[in-house]
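Data file: final.txt. Format and content: compact mmCIF, C-alpha atoms.
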# COMPACT_ATOMS: atom_id res chain seq x y z
CA MET Z 1 66.70 -91.00 -2.84
CA SER Z 2 68.75 -93.65 -0.99
CA LEU Z 3 72.20 -94.81 -2.02
CA ALA Z 4 70.79 -98.30 -2.63
CA GLN Z 5 68.16 -97.02 -5.07
CA ASP Z 6 70.70 -94.73 -6.76
CA LEU Z 7 73.00 -97.72 -7.29
CA LEU Z 8 70.17 -99.76 -8.78
CA ASP Z 9 69.36 -96.89 -11.16
CA GLN Z 10 73.06 -96.66 -12.00
CA ALA Z 11 73.14 -100.38 -12.86
CA ASP Z 12 70.25 -99.77 -15.27
CA HIS Z 13 72.08 -96.84 -16.81
CA LEU Z 14 75.30 -98.82 -17.25
CA ILE Z 15 73.62 -101.71 -18.99
CA ASN Z 16 71.86 -99.44 -21.49
CA MET Z 17 74.56 -96.84 -22.09
CA ASP Z 18 76.17 -98.61 -25.07
CA GLY Z 19 72.97 -99.54 -26.89
CA ALA Z 20 72.62 -102.99 -28.45
CA SER Z 21 76.33 -103.85 -28.30
CA PRO Z 22 77.46 -103.09 -24.76
CA LYS Z 23 81.09 -103.26 -23.74
CA GLN Z 24 82.08 -106.02 -21.33
CA ALA Z 25 83.24 -103.27 -18.96
CA SER Z 26 79.74 -101.76 -18.89
CA LEU Z 27 78.06 -105.12 -18.28
CA ARG Z 28 80.54 -106.03 -15.55
CA ARG Z 29 80.10 -102.71 -13.77
CA ALA Z 30 76.31 -103.04 -14.08
CA VAL Z 31 76.25 -106.47 -12.40
CA SER Z 32 78.67 -105.37 -9.69
CA THR Z 33 76.63 -102.22 -9.05
CA ALA Z 34 73.41 -104.23 -8.78
CA TYR Z 35 75.03 -106.34 -6.07
CA TYR Z 36 76.11 -103.26 -4.15
CA ALA Z 37 72.59 -101.85 -4.45
CA LEU Z 38 71.19 -104.84 -2.56
CA PHE Z 39 74.17 -104.91 -0.19
CA HIS Z 40 73.57 -101.29 0.82
CA LEU Z 41 69.81 -101.69 0.96
CA LEU Z 42 70.13 -104.41 3.61
CA ILE Z 43 72.87 -102.63 5.53
CA ASP Z 44 70.96 -99.34 5.56
CA GLU Z 45 67.89 -101.15 6.83
CA ALA Z 46 69.89 -102.90 9.55
CA VAL Z 47 71.70 -99.83 10.86
CA SER Z 48 68.56 -97.70 10.72
CA ASN Z 49 67.45 -99.67 13.80
CA TRP Z 50 70.36 -98.18 15.74
CA ALA Z 51 69.10 -95.22 17.76
CA VAL Z 52 72.26 -93.10 17.71
CA VAL Z 53 72.22 -91.71 14.17
CA ARG Z 54 75.81 -90.46 14.10
CA GLN Z 55 77.09 -94.01 14.82
CA ARG Z 56 75.23 -95.67 11.94
CA SER Z 57 77.88 -95.14 9.27
CA LYS Z 58 80.51 -96.71 11.54
CA LEU Z 59 78.26 -99.69 12.15
CA ALA Z 60 77.63 -100.01 8.41
CA ARG Z 61 81.35 -100.54 7.83
CA THR Z 62 81.39 -103.63 10.05
CA PHE Z 63 79.28 -105.70 7.61
CA ASP Z 64 81.35 -108.28 5.79
CA HIS Z 65 80.51 -109.83 2.41
CA GLY Z 66 81.47 -113.45 3.15
CA PRO Z 67 79.62 -113.80 6.48
CA MET Z 68 76.56 -112.03 4.99
CA LYS Z 69 76.51 -114.56 2.16
CA ARG Z 70 76.70 -117.46 4.64
CA VAL Z 71 73.80 -116.02 6.63
CA CYS Z 72 71.79 -115.86 3.41
CA ASP Z 73 72.74 -119.42 2.41
CA ASP Z 74 71.78 -120.68 5.88
CA TYR Z 75 68.47 -118.85 5.67
CA VAL Z 76 67.62 -120.48 2.33
CA LYS Z 77 68.49 -123.97 3.62
CA THR Z 78 66.56 -123.40 6.85
CA PHE Z 79 63.55 -122.27 4.81
CA TYR Z 80 63.47 -125.66 3.09
CA SER Z 81 64.19 -127.57 6.32
CA ALA Z 82 61.12 -125.87 7.78
CA GLY Z 83 58.95 -127.14 4.93
CA ALA Z 84 59.10 -124.00 2.76
CA PRO Z 85 56.54 -121.91 4.69
CA PRO Z 86 54.78 -119.55 2.24
CA SER Z 87 54.96 -116.68 4.75
CA GLN Z 88 58.78 -116.70 4.45
CA LEU Z 89 59.01 -117.16 0.69
CA ALA Z 90 59.74 -113.49 -0.11
CA LEU Z 91 62.53 -113.30 2.47
CA LYS Z 92 64.00 -116.56 1.16
CA ASP Z 93 64.05 -115.03 -2.33
CA VAL Z 94 65.80 -111.89 -1.03
CA ALA Z 95 68.42 -114.05 0.73
CA GLN Z 96 68.94 -116.26 -2.32
CA THR Z 97 69.24 -113.26 -4.63
CA PHE Z 98 71.84 -111.70 -2.33
CA SER Z 99 73.92 -114.88 -2.34
CA GLU Z 100 73.61 -115.24 -6.12
CA LEU Z 101 74.41 -111.59 -6.79
CA GLN Z 102 77.50 -111.72 -4.63
CA LEU Z 103 78.81 -114.59 -6.74
CA LYS Z 104 77.96 -112.71 -9.95
CA ARG Z 105 79.69 -109.63 -8.63
CA HIS Z 106 82.79 -111.70 -7.98
CA ILE Z 107 82.73 -113.07 -11.52
CA ALA Z 108 82.05 -109.61 -12.96
CA ASP Z 109 84.92 -108.02 -11.07
CA TYR Z 110 87.57 -110.75 -11.25
CA ASP Z 111 86.87 -113.47 -13.85
CA ASN Z 112 87.87 -112.19 -17.28
CA SER Z 113 87.28 -115.60 -18.85
CA TYR Z 114 83.50 -115.22 -18.52
CA SER Z 115 81.72 -113.47 -21.40
CA TRP Z 116 78.68 -111.53 -20.24
CA THR Z 117 75.80 -111.00 -22.62
CA LYS Z 118 73.49 -108.04 -22.20
CA THR Z 119 70.54 -110.29 -21.39
CA ASP Z 120 72.60 -112.31 -18.91
CA ALA Z 121 73.58 -109.15 -17.02
CA GLN Z 122 70.05 -107.80 -17.33
CA ASP Z 123 68.67 -110.96 -15.70
CA TRP Z 124 70.50 -110.07 -12.48
CA ILE Z 125 69.43 -106.44 -12.51
CA VAL Z 126 65.85 -107.63 -12.86
CA ARG Z 127 66.35 -110.11 -9.99
CA THR Z 128 67.74 -107.24 -7.88
CA LYS Z 129 64.65 -105.14 -8.62
CA VAL Z 130 62.45 -108.05 -7.60
CA ALA Z 131 64.42 -108.38 -4.34
CA PHE Z 132 63.94 -104.64 -3.66
CA LYS Z 133 60.22 -105.03 -4.24
CA TYR Z 134 59.96 -108.07 -1.98
CA TRP Z 135 62.00 -106.40 0.72
CA ASP Z 136 59.76 -103.34 0.66
CA ALA Z 137 56.77 -105.61 1.26
CA ILE Z 138 58.28 -107.58 4.18
CA ARG Z 139 60.71 -105.15 5.82
CA ALA Z 140 58.55 -104.57 8.90
CA GLN Z 141 57.98 -108.26 9.62
CA ALA Z 142 59.63 -109.80 12.68
CA GLU Z 143 61.33 -112.47 10.55
CA SER Z 144 62.86 -109.80 8.32
CA GLN Z 145 64.13 -107.84 11.29
CA ASP Z 146 65.69 -111.01 12.75
CA PHE Z 147 67.32 -111.62 9.37
CA LEU Z 148 68.88 -108.13 9.48
CA LEU Z 149 70.22 -108.83 12.96
CA SER Z 150 71.81 -112.05 11.65
CA LEU Z 151 73.49 -110.11 8.85
CA PHE Z 152 74.87 -107.72 11.44
CA LEU Z 153 75.85 -110.46 13.92
CA PRO Z 154 76.39 -113.58 11.78
CA LYS Z 155 77.61 -115.66 14.71
CA LEU Z 156 74.06 -115.50 16.10
CA THR Z 157 72.85 -117.61 13.18
CA ARG Z 158 75.47 -120.26 13.75
CA GLN Z 159 74.69 -120.72 17.44
CA MET O 1 88.45 -129.78 -10.38
CA PHE O 2 88.50 -132.68 -7.90
CA VAL O 3 85.11 -132.95 -6.24
CA PRO O 4 84.91 -135.13 -3.10
CA THR O 5 82.47 -138.02 -3.47
CA GLU O 6 80.45 -136.88 -0.46
CA VAL O 7 79.79 -133.63 -2.30
CA ARG O 8 78.67 -135.28 -5.55
CA LYS O 9 74.90 -135.61 -5.56
CA ASP O 10 74.38 -136.15 -9.28
CA PRO O 11 71.22 -138.32 -9.13
CA GLN O 12 69.51 -135.74 -6.92
CA ILE O 13 70.54 -132.87 -9.19
CA ASN O 14 69.61 -134.70 -12.40
CA THR O 15 66.18 -135.57 -11.01
CA ALA O 16 65.55 -131.91 -10.21
CA ILE O 17 66.62 -130.88 -13.71
CA LYS O 18 64.43 -133.52 -15.34
CA THR O 19 61.39 -132.43 -13.35
CA VAL O 20 61.84 -128.76 -14.16
CA LEU O 21 62.57 -129.46 -17.84
CA SER O 22 59.29 -131.35 -18.12
CA GLU O 23 57.46 -128.41 -16.56
CA LEU O 24 59.11 -125.60 -18.49
CA SER O 25 59.60 -127.14 -21.91
CA PRO O 26 59.76 -125.77 -24.60
CA TRP O 27 60.96 -122.51 -22.96
CA VAL O 28 63.92 -124.26 -21.34
CA ARG O 29 65.90 -126.25 -23.90
CA TYR O 30 68.45 -127.93 -21.63
CA VAL O 31 70.41 -127.45 -18.43
CA ARG O 32 74.03 -128.25 -17.71
CA TYR O 33 75.74 -128.00 -14.38
CA SER O 34 79.03 -128.34 -12.59
CA ILE O 35 79.99 -128.64 -8.95
CA ASP O 36 82.71 -126.34 -7.78
CA GLN O 37 83.72 -124.11 -4.90
CA ASP O 38 82.45 -120.55 -4.85
CA TRP O 39 84.71 -117.62 -4.01
CA THR O 40 84.36 -118.28 -0.28
CA GLY O 41 85.39 -121.94 -0.65
CA ASP O 42 81.87 -123.32 -0.15
CA TRP O 43 80.78 -126.08 -2.52
CA ALA O 44 78.03 -125.01 -4.90
CA VAL O 45 76.13 -126.25 -7.96
CA PHE O 46 76.49 -123.99 -10.99
CA PHE O 47 73.58 -124.38 -13.39
CA ARG O 48 73.90 -123.21 -16.99
CA VAL O 49 70.41 -122.88 -18.40
CA VAL O 50 69.84 -122.59 -22.14
CA LEU O 51 66.52 -121.00 -23.04
CA SER O 52 64.60 -121.21 -26.28
CA ASP O 53 65.00 -118.25 -28.62
CA GLN O 54 61.25 -117.86 -28.27
CA VAL O 55 61.97 -116.43 -24.79
CA ALA O 56 63.22 -113.28 -26.47
CA SER O 57 60.89 -110.69 -24.96
CA ARG O 58 62.13 -109.21 -21.69
CA THR O 59 58.87 -109.88 -19.87
CA ARG O 60 58.77 -113.52 -20.93
CA ARG O 61 62.44 -114.01 -20.10
CA ASN O 62 62.01 -112.50 -16.62
CA GLU O 63 59.14 -114.86 -15.97
CA ILE O 64 61.01 -117.97 -17.15
CA VAL O 65 64.26 -117.06 -15.36
CA GLY O 66 62.38 -116.56 -12.08
CA CYS O 67 60.53 -119.84 -12.60
CA VAL O 68 63.69 -121.84 -13.31
CA ILE O 69 65.46 -120.47 -10.23
CA SER O 70 62.57 -121.13 -7.88
CA ARG O 71 61.57 -124.54 -9.28
CA ILE O 72 65.08 -126.03 -9.43
CA THR O 73 65.81 -124.70 -5.95
CA ASP O 74 62.52 -126.19 -4.70
CA GLU O 75 63.32 -129.58 -6.21
CA LEU O 76 66.91 -129.88 -5.01
CA ASP O 77 66.23 -130.70 -1.34
CA LEU O 78 68.84 -128.18 -0.24
CA PRO O 79 69.22 -129.29 3.39
CA ASN O 80 70.19 -132.74 2.12
CA LEU O 81 72.20 -131.46 -0.83
CA GLY O 82 74.27 -129.22 1.42
CA MET O 83 75.18 -126.83 -1.40
CA MET O 84 73.68 -123.66 -2.79
CA PRO O 85 72.58 -123.52 -6.42
CA HIS O 86 73.72 -120.73 -8.72
CA PHE O 87 72.26 -119.95 -12.12
CA SER O 88 73.28 -118.45 -15.44
CA PHE O 89 71.07 -118.13 -18.51
CA ARG O 90 71.57 -117.89 -22.25
CA THR O 91 69.34 -118.34 -25.25
CA GLU O 92 70.21 -120.81 -28.01
CA LEU O 93 71.14 -117.93 -30.29
CA GLU O 94 73.47 -116.42 -27.68
CA GLN O 95 75.11 -119.80 -27.16
CA ALA O 96 75.50 -120.24 -30.94
CA GLU O 97 77.27 -116.86 -31.13
CA LEU O 98 79.54 -117.54 -28.14
CA ASN O 99 80.12 -121.23 -28.99
CA ASP O 100 81.10 -121.98 -25.42
CA PRO O 101 81.73 -125.74 -24.93
CA ASP O 102 80.70 -125.55 -21.28
CA TRP O 103 77.26 -124.48 -22.47
CA ALA O 104 76.91 -126.94 -25.37
CA PRO O 105 74.28 -129.70 -25.14
CA LEU O 106 75.65 -133.02 -23.93
CA ALA O 107 75.85 -135.73 -26.58
CA THR O 108 73.27 -138.42 -25.84

Rewrite the structure from the file as structure tokens, please.
Amino acid sequence: MSLAQDLLDQADHLINMDGASPKQASLRRAVSTAYYALFHLLIDEAVSNWAVVRQRSKLARTFDHGPMKRVCDDYVKTFYSAGAPPSQLALKDVAQTFSELQLKRHIADYDNSYSWTKTDAQDWIVRTKVAFKYWDAIRAQAESQDFLLSLFLPKLTRQ
Amino acid sequence: MFVPTEVRKDPQINTAIKTVLSELSPWVRYVRYSIDQDWTGDWAVFFRVVLSDQVASRTRRNEIVGCVISRITDELDLPNLGMMPHFSFRTELEQAELNDPDWAPLAT
């Protein structure tokens, strides 16, 4: 099983490990882990296009959270500028979920003033699962492959 | 937080909320929002969505949460708004337990 899927399973485990009254630490780790599941899913998909297998892990380390989020935000805005084409709806949802999850991960890891509820955290694990499902359905499409290239080379999107 | 006037798009945001509330009532009780910078410094709209306690089942909640995210995003006219929306959800019961003023209904 892939690291991305293992992380998603781990997020599920973390959110359920304390029963009905989960610790804030468990909820925070669950949300953060869900973000990293989607982060690694997209990176693994992007670097899998690189022919030299031994170089893929080095390439994977060049992906940067902030620029990836901006690529996703730009994709969502462009989707609406283009009249919300139904053929790109699933990819728009993946991009929006990535951007949202990254923010949640930041809150989960750094903002102690925010109180997570189990259902609140669970919402984002469910959204991550939906993004995995959508990605699986569209991963071979040209638009999806171009999106991966933008995540890898964010300056391309801004040109 | 000081928000530059060119960033404030309250009428546009309130119209989107009103539209979605009319579509998703009684599952969505009310929506509050604030405009702030995200961790990268980009301006964003942070929606706090309070759901009816009737949205207790996981399946129903998943459906409503997905609907709220997609419908508010659809209605916002993002290219013109220039900001990304972000969403958090609680039920009325959860809000009553947490008693968080940022999530309380606005006095009318």

Near chain Z, which residues of chain O fall within 12 Å when you count all atoms listed in the file, and what do they look like as a ChimeraX atom specification? /O:37-51,55-67,69-70,73-91,93-95,97-100,102-103

Please provide as a PyMOL selection string all residues within 10 Å of Z:Leu148, with the sequence filter that same-chain residues fewer than 5 positions apart are discarded (counting all atoms listed in the file). chain Z and resi 42-47+49+68+71+139+142-143+153-154

How far is it from atom CA of Z:Ser26 to atom CA of Z:Tyr134, in Å with one decimal? 26.8 Å

Could you give me, as a list of chain:residue names, the residues within 7 Å of Z:Leu27, counting all atoms listed in the file and dropping anything in the same chain fewer than 3 positions from it? Z:Leu14, Z:Ile15, Z:Pro22, Z:Lys23, Z:Gln24, Z:Ala30, Z:Val31, Z:Trp116, Z:Lys118, Z:Ala121

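Here atom CA of O:Leu21 is placed at a distance of 18.5 Å from atom CA of O:Lys9.
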